[in-house]
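Everything below concerns the one structure shown next.
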Amino acid sequence: MALIVQKFGGTSVGDVKRIHYVADKISKTYAEGHQLVIVVSAMSGETDRLFSLAQQFSQTPDPREIDVLLSTGEQVSIALLSLALIERGCPAKSYTGAQVHIRTDDVHNKARILSIDGQKIRHDLSQGKVIVVAGFQGMDSFGNITTLGRGGSDTTAVALAAALKADECQIYTDVEGVYTADPRIVPEAKRMTRITFEEMLELSSLGAKVMQIRAVEIAGKYNVPIRVLSTFQEGSGTLIAAEEEDLSKSSVSGMAINRDEAKLVIQNIPEAISGISQILGCISNAHVEVDMILRSFHEDGKTDLAFTVHRRDFQKTLSLLNQVVTEIGAKKIFSNDKVAKLSLVGMGIRSEPRVTGKMLEILAKEQINILLMSTSEIKVSVIIDEKDLERGARAVHQAFELGSEVPTELMQGI
Ligand code: ADP
Ligand code: ASP
Ligand code: MG
């Protein structure tokens, strides 16, 4: 008998038929004698629908009320799935995040889990219950409902697995595992059988939304191996685990793609040190995160500054810059909110400096202009025009031989 945490994402519980399907799957595992803690997301599209409802009342909705609103999506799913399980003779019991004491900090919409008191869950498990927990939510120390950021149900599942010392943490989704690139953009992408926490952390932070980044952080910190699997296709999925000696030594493991980028350039900053700190200071005061950043020098001593932000923060950043540029006496702002980030990730990049050069060569051959670039020990990222993204992604994927001969079968409904 094993204690297994299973998480089912939004598509997996997207309609009544799929909830029945998931309930059948869970009942079978329960019948095999395992203890089960199930985490579910809101039905697909529901979180977006709720958010757009809020926007009909305010363009800058109050973050606390947004959490109260968005958390209801998951509450619907846990109740429906539990009803389906009970009908199958599987003694399910649903709980919201707060009810199972998922304590978070008080940063609404992006809260971090601080602790989980697993006592209630352990007690219910010992009574033979199947526990169904609402993903993506918790409660701060003042009793307010908080949410964990988009994709946060992954984090609920991994944190529960760590707190309960589960034997397995399975993330069920709408693809058959973690691929060498998003299979919806690069159809030749290949499922990886195994990937390290470190590589997955990079892929998630660079835009591969198959796992939320905080989930991978917790998994790495508490050494919780995760298996990413398809809800609807049988298979062994992808194991995300600590590095092993005999792991494949290929330098590049996968590619991440992120369309949510916008680029801004400020030209001719006269006093570089004070100018740059004023620009970055006013952006961070407005809680906008700067991603890639590049400073370049002119012969006359002036400086240009280029950086990227999330596309949703583009207009806000642009209007902030319009004010600052006049104050610091810089000349011009160039902006482009139709850029995308293409990244290669792999443990071997640290010992294989040619990866960067090869990536640049391939993009040059495709006549794709590189707008910004950054590298770290295990990744290389470039910013390119969004219109070039799919072409560039496929060319780089092919040149690094990340693909398979057999195109991935994507889940087309059940
Ligand atoms: P869920 O609703 O189950 O949480 P998500 O939509 O959050 O599912 O994540 C699954 C999606 O992640 C896939 O449908 C796929 O398009 C996308 N994705 C992006 N990069 C990758 C990758 N490297 N491997 C697999 N899926 C990826
Ligand atoms: N429902 C939330 C979202 O759509 C959380 C999740 O699905 O993991 O982002
Ligand atoms: Mg997700």
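FYI, nothing fancy with the structure tokens labels: chains A, B, ... in order, residues from 1 per chain, ligands from 1 as they appear.
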Would you give me, as a VMD selection string, the residues in region 281-339 of chain A that DSSP reads as strand (DSSP E or B)?
chain A and resid 290 to 297 303 to 310 332 to 339
Grab the residues selected above and save them as an mmCIF file, in the first residue's frame with C-alpha atoms.
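Here's the written file again18.cif:
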```cif
data_model
loop_
_atom_site.group_PDB
_atom_site.id
_atom_site.type_symbol
_atom_site.label_atom_id
_atom_site.label_comp_id
_atom_site.auth_asym_id
_atom_site.auth_seq_id
_atom_site.Cartn_x
_atom_site.Cartn_y
_atom_site.Cartn_z
ATOM 1 C CA VAL A 290 12.367 42.953 -15.342
ATOM 2 C CA ASP A 291 13.572 39.814 -17.057
ATOM 3 C CA MET A 292 16.456 40.166 -19.511
ATOM 4 C CA ILE A 293 18.500 43.305 -19.394
ATOM 5 C CA LEU A 294 21.303 44.697 -21.541
ATOM 6 C CA ARG A 295 23.317 47.898 -21.271
ATOM 7 C CA SER A 296 25.361 49.184 -24.183
ATOM 8 C CA PHE A 297 27.786 52.086 -24.376
ATOM 9 C CA THR A 303 24.301 54.574 -22.541
ATOM 10 C CA ASP A 304 21.402 52.575 -23.985
ATOM 11 C CA LEU A 305 19.366 50.248 -21.838
ATOM 12 C CA ALA A 306 17.247 47.399 -23.208
ATOM 13 C CA PHE A 307 15.118 45.042 -21.155
ATOM 14 C CA THR A 308 12.071 42.796 -21.252
ATOM 15 C CA VAL A 309 8.988 42.636 -19.042
ATOM 16 C CA HIS A 310 5.897 40.442 -19.025
ATOM 17 C CA LYS A 332 14.079 57.954 -26.993
ATOM 18 C CA ILE A 333 12.115 54.857 -26.111
ATOM 19 C CA PHE A 334 11.702 52.018 -28.562
ATOM 20 C CA SER A 335 9.187 49.404 -27.650
ATOM 21 C CA ASN A 336 7.933 46.147 -29.047
ATOM 22 C CA ASP A 337 5.322 44.019 -27.332
ATOM 23 C CA LYS A 338 5.370 41.303 -29.991
ATOM 24 C CA VAL A 339 8.569 39.550 -28.992
#
```
From a backbone DSSP assignment, name each residue in region 210-361 of chain A labelled helix (DSSP H, G or I), as a CSV table (one decimal) with N, CA, C and O atoms, in the first residue's frame.
```csv
chain,number,residue,atom,x,y,z
A,213,ILE,N,6.6,26.8,-11.6
A,213,ILE,CA,7.9,26.8,-11.1
A,213,ILE,C,8.0,26.6,-9.6
A,213,ILE,O,8.9,25.9,-9.1
A,214,ARG,N,7.1,27.1,-8.8
A,214,ARG,CA,7.2,26.9,-7.3
A,214,ARG,C,7.0,25.4,-7.0
A,214,ARG,O,7.6,25.0,-6.0
A,215,ALA,N,6.3,24.7,-7.8
A,215,ALA,CA,6.1,23.3,-7.5
A,215,ALA,C,7.5,22.6,-7.6
A,215,ALA,O,7.9,21.7,-6.8
A,216,VAL,N,8.2,23.0,-8.6
A,216,VAL,CA,9.5,22.3,-8.9
A,216,VAL,C,10.5,22.8,-7.8
A,216,VAL,O,11.3,22.0,-7.3
A,217,GLU,N,10.4,24.0,-7.4
A,217,GLU,CA,11.3,24.5,-6.3
A,217,GLU,C,11.1,23.6,-5.0
A,217,GLU,O,12.1,23.2,-4.4
A,218,ILE,N,9.8,23.4,-4.7
A,218,ILE,CA,9.5,22.6,-3.5
A,218,ILE,C,10.0,21.2,-3.7
A,218,ILE,O,10.6,20.6,-2.8
A,219,ALA,N,9.7,20.6,-4.9
A,219,ALA,CA,10.1,19.3,-5.1
A,219,ALA,C,11.6,19.1,-5.0
A,219,ALA,O,12.1,18.1,-4.3
A,220,GLY,N,12.4,20.1,-5.5
A,220,GLY,CA,13.9,20.0,-5.4
A,220,GLY,C,14.3,20.1,-3.9
A,220,GLY,O,15.1,19.4,-3.4
A,221,LYS,N,13.7,21.1,-3.2
A,221,LYS,CA,14.1,21.3,-1.8
A,221,LYS,C,13.8,20.1,-0.9
A,221,LYS,O,14.6,19.8,-0.1
A,272,ALA,N,24.8,57.4,-16.7
A,272,ALA,CA,24.4,56.0,-16.7
A,272,ALA,C,24.0,55.5,-15.3
A,272,ALA,O,22.9,55.0,-15.2
A,273,ILE,N,24.8,55.8,-14.3
A,273,ILE,CA,24.6,55.1,-13.0
A,273,ILE,C,23.2,55.6,-12.5
A,273,ILE,O,22.3,54.8,-12.1
A,274,SER,N,23.1,56.9,-12.4
A,274,SER,CA,21.9,57.4,-11.7
A,274,SER,C,20.7,57.2,-12.7
A,274,SER,O,19.6,56.9,-12.2
A,275,GLY,N,20.9,57.3,-14.0
A,275,GLY,CA,19.8,57.1,-14.9
A,275,GLY,C,19.2,55.7,-14.8
A,275,GLY,O,18.0,55.5,-14.7
A,276,ILE,N,20.1,54.7,-14.9
A,276,ILE,CA,19.7,53.3,-14.9
A,276,ILE,C,19.0,53.0,-13.6
A,276,ILE,O,17.9,52.4,-13.5
A,277,SER,N,19.6,53.5,-12.5
A,277,SER,CA,19.0,53.1,-11.2
A,277,SER,C,17.6,53.8,-11.0
A,277,SER,O,16.7,53.2,-10.5
A,278,GLN,N,17.4,55.0,-11.6
A,278,GLN,CA,16.1,55.7,-11.6
A,278,GLN,C,15.1,54.9,-12.4
A,278,GLN,O,13.9,54.7,-12.0
A,279,ILE,N,15.5,54.4,-13.6
A,279,ILE,CA,14.6,53.7,-14.4
A,279,ILE,C,14.2,52.4,-13.7
A,279,ILE,O,13.0,52.1,-13.6
A,280,LEU,N,15.2,51.6,-13.3
A,280,LEU,CA,14.9,50.3,-12.7
A,280,LEU,C,14.1,50.5,-11.4
A,280,LEU,O,13.2,49.7,-11.0
A,281,GLY,N,14.5,51.5,-10.6
A,281,GLY,CA,13.8,51.8,-9.4
A,281,GLY,C,12.3,52.0,-9.6
A,281,GLY,O,11.5,51.4,-8.9
A,282,CYS,N,12.0,52.9,-10.5
A,282,CYS,CA,10.6,53.2,-10.7
A,282,CYS,C,9.8,52.0,-11.2
A,282,CYS,O,8.6,51.8,-10.9
A,283,ILE,N,10.4,51.1,-12.0
A,283,ILE,CA,9.8,49.9,-12.5
A,283,ILE,C,9.5,48.9,-11.3
A,283,ILE,O,8.4,48.4,-11.2
A,284,SER,N,10.5,48.8,-10.5
A,284,SER,CA,10.3,47.8,-9.4
A,284,SER,C,9.4,48.3,-8.4
A,284,SER,O,8.6,47.5,-7.8
A,285,ASN,N,9.3,49.6,-8.2
A,285,ASN,CA,8.3,50.2,-7.2
A,285,ASN,C,6.9,49.9,-7.7
A,285,ASN,O,6.0,49.8,-6.9
A,311,ARG,N,4.4,40.7,-20.9
A,311,ARG,CA,3.6,41.5,-21.8
A,311,ARG,C,2.4,42.2,-21.1
A,311,ARG,O,2.0,43.3,-21.5
A,312,ARG,N,1.9,41.6,-20.1
A,312,ARG,CA,0.7,42.2,-19.4
A,312,ARG,C,1.2,43.6,-18.7
A,312,ARG,O,0.4,44.4,-18.5
A,313,ASP,N,2.5,43.7,-18.4
A,313,ASP,CA,3.0,44.9,-17.8
A,313,ASP,C,3.5,46.0,-18.8
A,313,ASP,O,4.0,47.0,-18.4
A,314,PHE,N,3.3,45.7,-20.1
A,314,PHE,CA,3.9,46.5,-21.1
A,314,PHE,C,3.4,48.0,-21.0
A,314,PHE,O,4.2,48.9,-20.9
A,315,GLN,N,2.1,48.2,-21.1
A,315,GLN,CA,1.6,49.6,-21.1
A,315,GLN,C,2.0,50.3,-19.9
A,315,GLN,O,2.4,51.5,-19.9
A,316,LYS,N,1.9,49.7,-18.7
A,316,LYS,CA,2.2,50.3,-17.5
A,316,LYS,C,3.7,50.7,-17.5
A,316,LYS,O,4.0,51.9,-17.1
A,317,THR,N,4.6,49.8,-18.0
A,317,THR,CA,6.0,50.2,-18.0
A,317,THR,C,6.3,51.3,-18.9
A,317,THR,O,7.0,52.2,-18.6
A,318,LEU,N,5.6,51.3,-20.1
A,318,LEU,CA,5.8,52.3,-21.1
A,318,LEU,C,5.4,53.7,-20.5
A,318,LEU,O,6.2,54.7,-20.7
A,319,SER,N,4.3,53.8,-19.8
A,319,SER,CA,3.9,55.1,-19.3
A,319,SER,C,4.8,55.5,-18.2
A,319,SER,O,5.2,56.7,-18.0
A,320,LEU,N,5.3,54.6,-17.4
A,320,LEU,CA,6.3,54.9,-16.3
A,320,LEU,C,7.6,55.5,-17.0
A,320,LEU,O,8.2,56.5,-16.6
A,321,LEU,N,8.0,54.8,-18.1
A,321,LEU,CA,9.3,55.2,-18.8
A,321,LEU,C,9.1,56.6,-19.4
A,321,LEU,O,10.1,57.4,-19.4
A,322,ASN,N,8.0,56.9,-19.9
A,322,ASN,CA,7.7,58.2,-20.6
A,322,ASN,C,8.0,59.3,-19.6
A,322,ASN,O,8.6,60.3,-19.9
A,323,GLN,N,7.6,59.1,-18.3
A,323,GLN,CA,7.9,60.1,-17.3
A,323,GLN,C,9.4,60.2,-17.0
A,323,GLN,O,10.0,61.3,-17.0
A,324,VAL,N,10.0,59.0,-16.7
A,324,VAL,CA,11.4,59.0,-16.3
A,324,VAL,C,12.4,59.5,-17.3
A,324,VAL,O,13.3,60.2,-17.0
A,325,VAL,N,12.1,59.2,-18.6
A,325,VAL,CA,13.0,59.6,-19.7
A,325,VAL,C,13.2,61.1,-19.7
A,325,VAL,O,14.3,61.6,-19.8
A,326,THR,N,12.1,61.8,-19.5
A,326,THR,CA,12.3,63.3,-19.5
A,326,THR,C,13.1,63.7,-18.3
A,326,THR,O,14.0,64.6,-18.4
A,327,GLU,N,12.8,63.1,-17.1
A,327,GLU,CA,13.5,63.5,-15.9
A,327,GLU,C,15.0,63.3,-16.0
A,327,GLU,O,15.8,64.1,-15.6
A,328,ILE,N,15.4,62.2,-16.6
A,328,ILE,CA,16.9,61.9,-16.7
A,328,ILE,C,17.5,62.4,-17.9
A,328,ILE,O,18.7,62.3,-18.1
A,347,MET,N,21.7,20.3,-18.4
A,347,MET,CA,22.8,20.2,-17.5
A,347,MET,C,24.2,20.3,-18.1
A,347,MET,O,25.1,20.8,-17.6
A,348,GLY,N,24.2,19.8,-19.4
A,348,GLY,CA,25.5,19.7,-20.1
A,348,GLY,C,26.0,21.1,-20.6
A,348,GLY,O,27.1,21.2,-21.1
A,349,ILE,N,25.1,22.1,-20.7
A,349,ILE,CA,25.5,23.4,-21.3
A,349,ILE,C,26.7,23.9,-20.5
A,349,ILE,O,27.6,24.6,-21.1
A,350,ARG,N,26.8,23.7,-19.2
A,350,ARG,CA,27.9,24.2,-18.4
A,350,ARG,C,29.2,23.8,-18.9
A,350,ARG,O,30.2,24.5,-18.8
A,351,SER,N,29.3,22.6,-19.5
A,351,SER,CA,30.6,22.1,-19.9
A,351,SER,C,30.7,22.1,-21.5
A,351,SER,O,31.5,21.4,-22.1
A,354,ARG,N,29.9,25.5,-26.8
A,354,ARG,CA,29.5,25.7,-28.2
A,354,ARG,C,28.0,25.8,-28.4
A,354,ARG,O,27.6,26.1,-29.5
A,355,VAL,N,27.2,25.4,-27.4
A,355,VAL,CA,25.8,25.4,-27.5
A,355,VAL,C,25.3,26.8,-28.0
A,355,VAL,O,24.5,27.0,-28.9
A,356,THR,N,25.8,27.9,-27.3
A,356,THR,CA,25.3,29.2,-27.6
A,356,THR,C,25.7,29.6,-29.0
A,356,THR,O,24.8,30.0,-29.8
A,357,GLY,N,26.9,29.3,-29.5
A,357,GLY,CA,27.3,29.7,-30.8
A,357,GLY,C,26.5,28.9,-31.8
A,357,GLY,O,26.0,29.5,-32.8
A,358,LYS,N,26.2,27.7,-31.6
A,358,LYS,CA,25.5,26.9,-32.5
A,358,LYS,C,24.0,27.4,-32.7
A,358,LYS,O,23.5,27.5,-33.7
A,359,MET,N,23.4,27.8,-31.5
A,359,MET,CA,22.1,28.3,-31.5
A,359,MET,C,22.0,29.6,-32.4
A,359,MET,O,21.1,29.8,-33.2
A,360,LEU,N,23.0,30.5,-32.2
A,360,LEU,CA,23.1,31.7,-32.9
A,360,LEU,C,23.2,31.5,-34.4
A,360,LEU,O,22.6,32.1,-35.2
A,361,GLU,N,24.1,30.5,-34.7
A,361,GLU,CA,24.3,30.2,-36.2
A,361,GLU,C,23.0,29.7,-36.8
A,361,GLU,O,22.7,30.1,-37.9
```
Check which residues fall inside 6 Å of ligand 3 when counting only C-alpha atoms and all ligand atoms, and print them as a PyMOL selection string.
chain A and resi 9+151+210
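Near Lys331 (chain A), within 7 Å and counting only C-alpha atoms, sit A:Gln267, A:Asn268, A:Gly329, not including residues fewer than 2 positions from it in the same chain.
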Residues at most 9 Å from Ile131 (chain A), counting only C-alpha atoms, excluding those fewer than 2 positions away in the same chain, as number ranges by chain?
A: 35-39, 82, 91-95, 121, 124-125, 129, 133
Neighbours of ligand 2 at 8 Å or closer, counting only C-alpha atoms and all ligand atoms: which residues, as a list of chain:residue names?
A:Gly9, A:Gly10, A:Val40, A:Ser41, A:Ala42, A:Met43, A:Ser44, A:Gly45, A:Glu46, A:Thr47, A:Asp48, A:Leu70, A:Ser71, A:Gly73, A:Glu74, A:Gly135, A:Phe136, A:Leu148, A:Gly149, A:Arg150, A:Gly151, A:Gly152, A:Ser153, A:Asp154, A:Thr155, A:Gln212
Counting only C-alpha atoms and all ligand atoms, what residues are within 9 Å of ligand 1, given as a compact mmCIF listing (two decimals) with N, CA and C atoms, in the first residue's frame?
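Produced file part.txt, reproduced below:
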```txt
# COMPACT_ATOMS: atom_id res chain seq x y z
N LYS A 7 -2.52 14.78 -8.92
CA LYS A 7 -3.13 16.07 -9.27
C LYS A 7 -3.71 16.00 -10.68
N PHE A 8 -4.94 16.47 -10.82
CA PHE A 8 -5.57 16.51 -12.14
C PHE A 8 -5.80 17.96 -12.54
N GLY A 9 -5.24 18.35 -13.69
CA GLY A 9 -5.31 19.73 -14.14
C GLY A 9 -6.67 20.07 -14.76
N GLY A 10 -6.79 21.33 -15.19
CA GLY A 10 -8.07 21.87 -15.66
C GLY A 10 -8.70 21.09 -16.81
N THR A 11 -7.89 20.68 -17.81
CA THR A 11 -8.47 19.95 -18.95
C THR A 11 -8.96 18.58 -18.49
N SER A 12 -8.25 18.00 -17.53
CA SER A 12 -8.60 16.65 -17.06
C SER A 12 -9.95 16.63 -16.35
N VAL A 13 -10.37 17.80 -15.82
CA VAL A 13 -11.69 17.86 -15.17
C VAL A 13 -12.56 18.90 -15.89
N GLY A 14 -12.29 19.03 -17.23
CA GLY A 14 -12.89 20.12 -18.00
C GLY A 14 -14.38 20.04 -18.23
N SER A 41 -7.64 21.05 -10.11
CA SER A 41 -7.73 22.44 -10.58
C SER A 41 -9.18 22.78 -10.86
N ALA A 42 -9.41 24.03 -11.18
CA ALA A 42 -10.73 24.44 -11.67
C ALA A 42 -10.94 23.84 -13.05
N MET A 43 -12.21 23.66 -13.45
CA MET A 43 -12.51 23.14 -14.80
C MET A 43 -11.90 24.10 -15.82
N SER A 44 -11.41 23.55 -16.94
CA SER A 44 -10.60 24.40 -17.84
C SER A 44 -11.39 25.63 -18.30
N ARG A 150 -0.99 31.47 -11.25
CA ARG A 150 -1.51 30.56 -12.28
C ARG A 150 -0.70 29.27 -12.30
N GLY A 151 -1.43 28.18 -12.45
CA GLY A 151 -0.78 26.87 -12.42
C GLY A 151 -0.49 26.37 -11.02
N GLY A 152 -1.04 27.06 -10.01
CA GLY A 152 -0.67 26.79 -8.61
C GLY A 152 -1.13 25.46 -8.05
N SER A 153 -2.01 24.76 -8.76
CA SER A 153 -2.44 23.45 -8.22
C SER A 153 -1.27 22.46 -8.22
N ASP A 154 -0.34 22.64 -9.15
CA ASP A 154 0.87 21.79 -9.14
C ASP A 154 1.58 21.94 -7.80
N ILE A 171 1.46 14.02 -11.42
CA ILE A 171 0.79 15.18 -11.99
C ILE A 171 0.15 14.74 -13.30
N TYR A 172 -1.18 14.62 -13.31
CA TYR A 172 -1.89 14.20 -14.52
C TYR A 172 -2.31 15.42 -15.31
N THR A 173 -1.99 15.39 -16.62
CA THR A 173 -2.29 16.57 -17.44
C THR A 173 -2.75 16.15 -18.84
N ASP A 174 -2.70 17.08 -19.79
CA ASP A 174 -3.25 16.80 -21.12
C ASP A 174 -2.17 16.46 -22.15
N VAL A 175 -0.93 16.26 -21.72
CA VAL A 175 0.12 15.73 -22.59
C VAL A 175 0.77 14.56 -21.84
N GLU A 176 1.59 13.77 -22.57
CA GLU A 176 2.04 12.52 -21.96
C GLU A 176 3.29 12.64 -21.08
N GLY A 177 3.68 13.86 -20.76
CA GLY A 177 4.84 14.04 -19.90
C GLY A 177 5.48 15.37 -20.22
N VAL A 178 6.75 15.51 -19.84
CA VAL A 178 7.50 16.72 -20.17
C VAL A 178 8.23 16.43 -21.48
N TYR A 179 8.08 17.31 -22.44
CA TYR A 179 8.65 17.12 -23.76
C TYR A 179 9.88 18.00 -23.95
N THR A 180 10.62 17.71 -25.02
CA THR A 180 11.81 18.52 -25.33
C THR A 180 11.44 19.94 -25.71
N ALA A 181 10.18 20.17 -26.06
CA ALA A 181 9.64 21.52 -26.32
C ALA A 181 8.13 21.40 -26.20
N ASP A 182 7.43 22.52 -26.13
CA ASP A 182 5.97 22.45 -26.07
C ASP A 182 5.45 21.73 -27.31
N PRO A 183 4.86 20.53 -27.15
CA PRO A 183 4.45 19.75 -28.33
C PRO A 183 3.37 20.43 -29.15
N ARG A 184 2.72 21.44 -28.59
CA ARG A 184 1.71 22.17 -29.39
C ARG A 184 2.37 23.16 -30.34
N ILE A 185 3.63 23.50 -30.07
CA ILE A 185 4.33 24.44 -30.94
C ILE A 185 5.35 23.71 -31.81
N ALA A 189 8.49 17.39 -31.05
CA ALA A 189 9.03 17.28 -29.69
C ALA A 189 8.88 15.86 -29.15
N LYS A 190 9.84 15.48 -28.32
CA LYS A 190 9.89 14.10 -27.83
C LYS A 190 9.67 14.10 -26.31
N ARG A 191 8.96 13.11 -25.84
CA ARG A 191 8.78 13.01 -24.38
C ARG A 191 10.10 12.61 -23.74
N MET A 192 10.44 13.25 -22.64
CA MET A 192 11.66 12.86 -21.92
C MET A 192 11.25 11.82 -20.88
N MET A 200 14.21 21.14 -14.92
CA MET A 200 12.77 21.47 -14.95
C MET A 200 12.53 22.86 -14.41
N LEU A 203 13.26 25.16 -17.24
CA LEU A 203 12.22 25.09 -18.27
C LEU A 203 10.97 25.83 -17.79
N SER A 204 10.58 25.60 -16.53
CA SER A 204 9.37 26.26 -16.00
C SER A 204 9.57 27.76 -15.94
N GLY A 207 9.16 29.45 -19.25
CA GLY A 207 7.85 29.49 -19.93
C GLY A 207 7.17 28.16 -20.18
N ALA A 208 7.78 27.02 -19.80
CA ALA A 208 7.11 25.74 -20.03
C ALA A 208 6.07 25.53 -18.94
N LYS A 209 4.80 25.80 -19.25
CA LYS A 209 3.83 25.85 -18.16
C LYS A 209 3.36 24.47 -17.69
N VAL A 210 3.97 23.41 -18.22
CA VAL A 210 3.54 22.07 -17.82
C VAL A 210 3.69 21.85 -16.30
N MET A 211 4.65 22.52 -15.67
CA MET A 211 4.78 22.49 -14.20
C MET A 211 4.98 23.92 -13.70
N GLN A 212 4.26 24.29 -12.64
CA GLN A 212 4.49 25.62 -12.08
C GLN A 212 5.86 25.66 -11.41
N VAL A 228 5.10 13.19 -14.25
CA VAL A 228 4.10 13.90 -15.06
C VAL A 228 3.52 12.91 -16.06
N SER A 230 -0.11 11.55 -18.60
CA SER A 230 -1.36 11.93 -19.26
C SER A 230 -2.53 11.31 -18.53
N THR A 231 -3.59 12.08 -18.36
CA THR A 231 -4.80 11.55 -17.74
C THR A 231 -5.45 10.51 -18.65
N GLY A 254 16.20 20.21 -23.37
CA GLY A 254 14.91 20.66 -23.86
C GLY A 254 14.90 22.13 -24.19
N MET A 255 13.74 22.54 -24.70
CA MET A 255 13.59 23.93 -25.15
C MET A 255 12.35 24.52 -24.48
N ALA A 256 12.42 25.78 -24.11
CA ALA A 256 11.23 26.45 -23.57
C ALA A 256 10.90 27.65 -24.43
N ILE A 257 9.62 27.94 -24.49
CA ILE A 257 9.13 29.01 -25.36
C ILE A 257 8.22 29.89 -24.54
N ASN A 258 8.39 31.19 -24.65
CA ASN A 258 7.52 32.08 -23.90
C ASN A 258 7.11 33.26 -24.77
N LEU A 410 -1.14 14.10 -29.54
CA LEU A 410 -1.69 14.95 -28.49
C LEU A 410 -3.09 14.45 -28.15
N MET A 411 -3.43 14.68 -26.93
CA MET A 411 -4.74 14.25 -26.48
C MET A 411 -5.83 14.99 -27.25
```
Counting only C-alpha atoms, which residue out of A:Ile145, A:Ala262, A:Ile78, A:Val68 sits closest to Arg103 (chain A)?
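Of A:Ile145, A:Ala262, A:Ile78, A:Val68, the one nearest Arg103 (chain A), counting only C-alpha atoms, is A:Ile145.
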Proximity to Leu80 (chain A) - best of A:Gln99, A:Glu65, A:Ile19, A:Gly33, only C-alpha atoms
A:Ile19
Using only C-alpha atoms, the shortest atom-to-atom distance to Ser381 (chain A) among A:Val345, A:Arg49, A:Phe400, A:Ala364 belongs to A:Val345
Can you tell me which residues surround Ala395 (chain A) at a distance of at most 10 Å, considering only C-alpha atoms, apart from same-chain residues fewer than 2 positions away, and format the answer as a list in words?
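The residues that qualify are Val186, Met359, Ile362, Leu363, Lys365, Glu366, Leu389, Glu390, Arg391, Gly392, Ala393, His397, Gln398, Ala399, Phe400 and Glu401 of chain A.
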